[in-house]
Every structure is written in structure tokens, then in C-alpha cells.
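Worksheet: one structure, shown below.
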Amino acid sequence: MFEVLILTLDSTVRLSTPLLLACLAGLYSERSGVVDIGLEGKMLGAAFGAGAVAYITANAWLGLMAGIAVSVALGLLHGFASITNRGNQIVSGVAINFLAAGLTALLGQTWFQQGGRTPSLPDGGRFKDVVWPFAEQIREVPFIGPLYGELISGHNLLVYSAFLTVPLTWWVLFRSRFGLRLRAVGESPAAVDTAGISVTWLRYRAVIACGILCGFAGAYLSIAQGSGFGVNMTAGKGFIALAALIFAKWRPASAMFACLLFGFLDAVSIRMQGQEIPGIGEIPVQFFQALPYILTVILLAGFIGKAIPPKAAGIPYLKERS
């Protein structure tokens with residue numbers, strides 16, 4: 001029973017990693033007042049860029065940088081539409097999602113002729129799991145062995161980076177000058193502008209930070225968790241990350257726990273497929289696959305209390321002329 005629990009928690013950590021990275025990405029953007037429902041599109045674009053470059057170069061690091069570059073480019077496109085041109089941020093985000101979904105499938109088919117997928121990655125094209133010291137030696141020790149050897153050790157660098165990003169994000173947002181200004185521009189951009197600080201430049205930096213983290217999330221899917229890009233491989237994770245962000249009320253630590261909750265449900269759904277429950281029998285696979293999305297609807301229906309976003313979120317800033 002304990003071993004099953006450890007394996008489920010191990011899957012939880014792996015499955016929650018892309019959600020956490022995307023959720024923290026949205027946190028930077030929305031704290032600055034830029035609503036970004038294009039997280040899904042940026043993740044998908046990054047997954048394709050990372051998978052394609054990692055396959056061609058057989059280098060996971062080059063793949064990661066390519067994924068980040070694609071995601072940042074899509075983020076800047078969103079910024080150009082919604083910050084510079086003061087367009088509707090929701091419409092711009094939806095456009096990013098459609099653009100990424102269509103373009104990745106088209107380019108994948110054109111370049112690799114495998115139905116939109118990239119070929120399996122060669123050696124060196126994936127981030128491999130990191131085994132911590134003495135993990136194999138103490139694996140048979142009761143309780144401590146599985147906990148250390150299976151749950152803590154054995155993940156790739158992007159998993160550890162994702163969870164280290166949580167305290168880093170907290171420090172940046174709540175202890176640094178940049179974070180103070182970022183939160184201020186999300187609440188009252190006019191006051192920030194009056195202080196002589198560029199609202200536009202602050203929001204662009206937030207959008208770039210969002211793009212970088214979405215790049216990590218997408219690259220994780222294709223060159224760390226998987227072995228290449230698959231059509232629509234994000235499968236709604238960007239929207240679940242956005243729901244987790246609202247559930248967490250735009251706070252980094254709460255975002256981590258929200259993503260772990262969604263990851264746990266996903267892990268349970270995988271483990272329970274084909275299993276019979278006493279007195280009920282075998283539950284259809286589709287039910288467990290739908291669990292994370294059902295929880296999303298339930299939580300956002302008002303069971304988390306009132307979630308108040310930054311006051312200027314979704315509102316283009318129009319500088320007053322004297």
C-alpha cells in the first residue's frame with residue numbers, strides 16, 4: 001500500500017510540473033494586468049520547437065532554448081496586440097492558441113511527414129532523470145528508501161527547476177523592486193506612470209517572463225516527459241494551469257499546491273484505469289480522464305471563495321494626456 005502511494009505521488013510530481021510552470025507563467029503576466037489565456041498556445045509552440053530542434057541537433061539544451069524562443073515570440077505577439085495596440089487581451093490569447101495549434105501540426109507534417117509528430121528523439125535529445133547519491137543503495141530500506149529513491153530522486157532537471165521556481169517567484173514578486181512595481185502596475189497603472197515608470201515596459205517584461213516559463217513547460221512535455229512532439233500534446237494543460245492560478249488567488253505557494261492537486265487527480269486517473277472498485281465494479285476510463293476537468297469546473301463554480309484578480313487585469317492602459 002505504501003509503495004502504491006509513493007508511486008502515485010511520484011507520478012503526481014511529474015504530471016504537475018508542466019502545470020506549475022505554466023501557472024507561474026500566468027502569474028507574472030496577470031499580476032502586471034495582462035490577462036493571458038494563451039498559455040496553452042505558448043506551451044504547444046514551445047513543445048514543438050523543443051522537439052524539432054532536439055531531434056535535429058540531438059541536444060536537449062538547444063531544444064530547450066528553441067522552445068523558450070518560440071514561446072517568448074508568441075508572448076511578444078500577444079504583448080504587441082494587447083499592450084502596444086491596446087487590443088482585447090482575451091481575443092489575442094485565443095488567437096495565440098489557434099495559431100499554435102494549426103501551425104505546429106502543419107509544420108510538423110511538412111518537415112517530418114509523420115502526421116504532425118516529430119520522430120523519436122535520439123540520445124542526447126532528452127533530459128534524463130537525475131539519480132541522487134545513495135538512492136540505489138537505500139532503495140530497499142523501509143519507508144526511507146522508497147521515499148528518497150523513488151519520490152525525491154529520479155526526476156529530470158526541469159522537474160527540480162519547476163519547484164525551485166516557486167520560492168524564486170515569491171521572492172521576485174514580494175521582495176524585489178521589480179516585483180513591487182509589477183504588482184503596482186497590475187493594480188493601478190496610472191499611479192505607476194505618475195511615478196515616472198514605464199507601464200508598457202513593465203508589462204512587456206512580465207509577458208517575456210511568462211513566455212520563458214511557458215517555454216520550460218512546453219519543452220518539458222516533448223523532451224523530458226516525452227520523447228518528441230505530438231499533435232495537441234498539451235491537451236488542455238494550459239487551461240488547467242489558468243484555473244489553478246485562479247484557484248490559488250494569484251499566489252505562488254498556493255499555485256504549487258493547486259497544481260499538485262490537479263496532478264494528483266491525473267495520476268489517480270491513470271492508476272485507476274481498468275481497476276475494479278468493491279461494490280461498484282470497473283469504472284469507465286473516461287470518467288477518470290475527465291476528473292481533472294470536473295474538478296476545474298467545481299472549483300471555479302464558487303467553492304474557493306471569492307477570487308479577486310488584480311484591478312487592472314484585462315484593461316488596456318490609456319495614458320492620460322495633460
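Identifiers in this document derive from the order of the C-alpha cells: chains are assigned A, B, ..., residues are numbered from 1 separately in each chain, and ligands are numbered from 1 in order of occurrence.
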
Contact residues around stretch 191-196 of chain A with only C-alpha atoms at 8 Å, ignoring same-chain residues under 4 positions, as a PyMOL selection string: chain A and resi 181+184-185

Pick out the residues sitting within 8 Å of stretch 216-233 of chain A, and hand them over as a PyMOL selection string; count only C-alpha atoms, and ignore anything fewer than 3 positions along from it in its own chain. chain A and resi 14+17-19+21-22+42-52+54-55+60+63-64+67-68+101+104-105+116-121+125-128+156+158+212-213

In Å, with one decimal, what is the gap from atom CA of A:Glu40 to atom CA of A:Ser269?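 Value for the atom CA of A:Glu40-atom CA of A:Ser269 distance: 21.7 Å.
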
Residue contacts of A:Tyr28 (10 Å, only C-alpha atoms) excluding same-chain residues fewer than 6 positions away, as a JSON list (two decimals) with N, CA, C and O atoms, in the first residue's frame:
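The result, stored in selection_35.json:
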```json
[["chain", "number", "residue", "atom", "x", "y", "z"],
["A", 34, "VAL", "N", -2.00, 41.94, -17.47],
["A", 34, "VAL", "CA", -2.21, 41.37, -18.81],
["A", 34, "VAL", "C", -2.79, 39.97, -18.66],
["A", 34, "VAL", "O", -2.11, 39.04, -18.24],
["A", 35, "VAL", "N", -4.06, 39.83, -18.98],
["A", 35, "VAL", "CA", -4.71, 38.51, -18.93],
["A", 35, "VAL", "C", -4.17, 37.66, -20.07],
["A", 35, "VAL", "O", -4.11, 38.11, -21.21],
["A", 36, "ASP", "N", -3.79, 36.45, -19.76],
["A", 36, "ASP", "CA", -3.17, 35.60, -20.78],
["A", 36, "ASP", "C", -3.81, 34.22, -20.78],
["A", 36, "ASP", "O", -3.43, 33.35, -20.00],
["A", 169, "THR", "N", 9.92, 32.85, -7.50],
["A", 169, "THR", "CA", 8.83, 33.74, -7.92],
["A", 169, "THR", "C", 8.29, 34.54, -6.74],
["A", 169, "THR", "O", 8.00, 35.73, -6.86],
["A", 172, "VAL", "N", 10.79, 37.30, -6.06],
["A", 172, "VAL", "CA", 10.76, 38.32, -7.10],
["A", 172, "VAL", "C", 9.53, 39.21, -6.95],
["A", 172, "VAL", "O", 9.63, 40.45, -7.01],
["A", 173, "LEU", "N", 8.37, 38.60, -6.71],
["A", 173, "LEU", "CA", 7.13, 39.37, -6.67],
["A", 173, "LEU", "C", 6.95, 40.15, -5.37],
["A", 173, "LEU", "O", 6.39, 41.25, -5.39],
["A", 179, "GLY", "N", 9.33, 43.30, -8.56],
["A", 179, "GLY", "CA", 8.07, 42.69, -8.18],
["A", 179, "GLY", "C", 7.08, 43.69, -7.62],
["A", 179, "GLY", "O", 5.88, 43.63, -7.91],
["A", 182, "LEU", "N", 5.80, 45.56, -10.51],
["A", 182, "LEU", "CA", 4.94, 44.69, -11.32],
["A", 182, "LEU", "C", 3.55, 44.58, -10.71],
["A", 182, "LEU", "O", 2.53, 44.70, -11.41],
["A", 183, "ARG", "N", 3.49, 44.37, -9.40],
["A", 183, "ARG", "CA", 2.19, 44.26, -8.73],
["A", 183, "ARG", "C", 1.46, 45.59, -8.74],
["A", 183, "ARG", "O", 0.24, 45.64, -8.86],
["A", 186, "GLY", "N", -0.24, 46.24, -12.02],
["A", 186, "GLY", "CA", -1.44, 45.43, -12.17],
["A", 186, "GLY", "C", -2.62, 45.95, -11.38],
["A", 186, "GLY", "O", -3.77, 45.61, -11.67],
["A", 203, "ARG", "N", 5.05, 45.80, -18.38],
["A", 203, "ARG", "CA", 4.16, 44.74, -18.85],
["A", 203, "ARG", "C", 4.83, 43.85, -19.89],
["A", 203, "ARG", "O", 4.60, 42.65, -19.91],
["A", 205, "ARG", "N", 8.02, 43.14, -19.92],
["A", 205, "ARG", "CA", 8.92, 42.25, -19.16],
["A", 205, "ARG", "C", 8.14, 41.11, -18.50],
["A", 205, "ARG", "O", 8.62, 39.98, -18.43],
["A", 206, "ALA", "N", 6.94, 41.40, -18.04],
["A", 206, "ALA", "CA", 6.10, 40.36, -17.46],
["A", 206, "ALA", "C", 5.70, 39.34, -18.52],
["A", 206, "ALA", "O", 5.70, 38.12, -18.27],
["A", 207, "VAL", "N", 5.37, 39.82, -19.71],
["A", 207, "VAL", "CA", 5.00, 38.93, -20.81],
["A", 207, "VAL", "C", 6.19, 38.06, -21.24],
["A", 207, "VAL", "O", 6.04, 36.88, -21.56],
["A", 208, "ILE", "N", 7.39, 38.64, -21.22],
["A", 208, "ILE", "CA", 8.59, 37.87, -21.56],
["A", 208, "ILE", "C", 8.84, 36.79, -20.50],
["A", 208, "ILE", "O", 9.17, 35.64, -20.84],
["A", 209, "ALA", "N", 8.70, 37.15, -19.22],
["A", 209, "ALA", "CA", 8.86, 36.15, -18.15],
["A", 209, "ALA", "C", 7.84, 35.03, -18.31],
["A", 209, "ALA", "O", 8.17, 33.85, -18.12],
["A", 210, "CYS", "N", 6.63, 35.40, -18.67],
["A", 210, "CYS", "CA", 5.58, 34.41, -18.92],
["A", 210, "CYS", "C", 6.00, 33.48, -20.06],
["A", 210, "CYS", "O", 5.85, 32.26, -19.98],
["A", 211, "GLY", "N", 6.56, 34.06, -21.13],
["A", 211, "GLY", "CA", 6.99, 33.26, -22.26],
["A", 211, "GLY", "C", 8.12, 32.30, -21.91],
["A", 211, "GLY", "O", 8.14, 31.15, -22.37],
["A", 213, "LEU", "N", 8.77, 30.90, -18.95],
["A", 213, "LEU", "CA", 8.26, 29.78, -18.15],
["A", 213, "LEU", "C", 7.38, 28.85, -18.97],
["A", 213, "LEU", "O", 7.40, 27.63, -18.80],
["A", 250, "TRP", "N", -3.73, 33.89, -7.32],
["A", 250, "TRP", "CA", -2.56, 34.60, -7.82],
["A", 250, "TRP", "C", -1.43, 34.66, -6.80],
["A", 250, "TRP", "O", -0.74, 35.67, -6.67],
["A", 252, "PRO", "N", 2.10, 32.38, -5.42],
["A", 252, "PRO", "CA", 2.99, 31.30, -5.88],
["A", 252, "PRO", "C", 2.85, 29.99, -5.10],
["A", 252, "PRO", "O", 2.73, 28.92, -5.70]]
```

Ranking A:Glu150, A:Gln114, A:Ala253, A:Pro284 by minimum distance to A:Val131 and counting only C-alpha atoms, which one comes first?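 Going through A:Glu150, A:Gln114, A:Ala253, A:Pro284 one by one, the smallest distance to A:Val131 is for A:Glu150.
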
Straight-line distance linking atom CA of A:Ser71 with atom CA of A:Ala95, stated in Å to one decimal: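 Between these atoms lies a distance of 14.1 Å.
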
Compare A:Ile56, A:Ile96, A:Ile283, A:Ile138 by their minimum atom-to-atom distance to A:Val72, counting only C-alpha atoms, and give me the closest one. A:Ile96

Determine the nearest neighbour of A:Cys259 from the options A:Ala312, A:Leu106, A:Leu157, A:Ala162, counting only C-alpha atoms. A:Ala162

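With only C-alpha atoms as the atoms that count, the minimum distance from A:Ala190 to the choices A:Gly215, A:Pro309, A:Gly26, A:Pro316 is reached by A:Pro316.
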
Would you please work out which residue, of A:Ile240, A:Ala313, A:Leu74, A:Leu168, is nearest to A:Ser188 when using only C-alpha atoms?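 Among the listed residues, the smallest separation from A:Ser188 belongs to A:Ala313.
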
For atom CA of A:Tyr148 and atom CA of A:Cys214, quote the distance in Å rounded to one decimal.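 Taking atom CA of A:Tyr148 and atom CA of A:Cys214, their separation equals 28.9 Å.
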
Quick one: residues within 12 Å of A:Ile37, only C-alpha atoms counted, chain neighbours fewer than 2 positions away excluded, as an MDAnalysis selection string? chainID A and resid 22:23 25:27 29:30 34:35 39:43 75 78 88:98 210 214 236:243 245:246 314

List every residue of stretch 123-297 of chain A that DSSP, applied to the backbone, labels as helix (DSSP H, G or I), and write the result as a PyMOL selection string. chain A and resi 144-152+157-175+177-187+189-194+199-225+237-247+252-272+285-297

For A:Pro310, which residue out of A:Pro189, A:Asp123, A:Ala69, A:Gln137 is the nearest one, using only C-alpha atoms? A:Pro189

Tell me, as a PyMOL selection string, which residues lie within 9 Å of A:Gly149, counting only C-alpha atoms; anything in the same chain fewer than 2 positions away does not count. chain A and resi 131-132+134-139+144-147+151-154

Could the residues in this selection be saved with C-alpha atoms as a PDB file, in the first residue's frame?
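For reference, part.pdb as written:
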```pdb
ATOM      1  CA  VAL A 131      19.730   9.874  -9.604  1.00  0.00           C
ATOM      2  CA  TRP A 132      20.681  11.354  -6.256  1.00  0.00           C
ATOM      3  CA  PHE A 134      22.947   6.634  -2.466  1.00  0.00           C
ATOM      4  CA  ALA A 135      19.431   6.409  -3.941  1.00  0.00           C
ATOM      5  CA  GLU A 136      20.042   2.885  -5.254  1.00  0.00           C
ATOM      6  CA  GLN A 137      21.827   1.700  -2.108  1.00  0.00           C
ATOM      7  CA  ILE A 138      18.997   2.590   0.282  1.00  0.00           C
ATOM      8  CA  ARG A 139      16.099   1.726  -2.025  1.00  0.00           C
ATOM      9  CA  ILE A 144      13.032   5.982   3.775  1.00  0.00           C
ATOM     10  CA  GLY A 145      14.261   4.002   0.753  1.00  0.00           C
ATOM     11  CA  PRO A 146      11.173   4.405  -1.474  1.00  0.00           C
ATOM     12  CA  LEU A 147      10.634   7.970  -0.242  1.00  0.00           C
ATOM     13  CA  LEU A 151       9.870  10.241  -4.829  1.00  0.00           C
ATOM     14  CA  ILE A 152      12.781  12.640  -4.281  1.00  0.00           C
ATOM     15  CA  SER A 153      15.407  11.148  -6.569  1.00  0.00           C
ATOM     16  CA  GLY A 154      14.933  10.109 -10.181  1.00  0.00           C
TER      17      GLY A 154
END
```
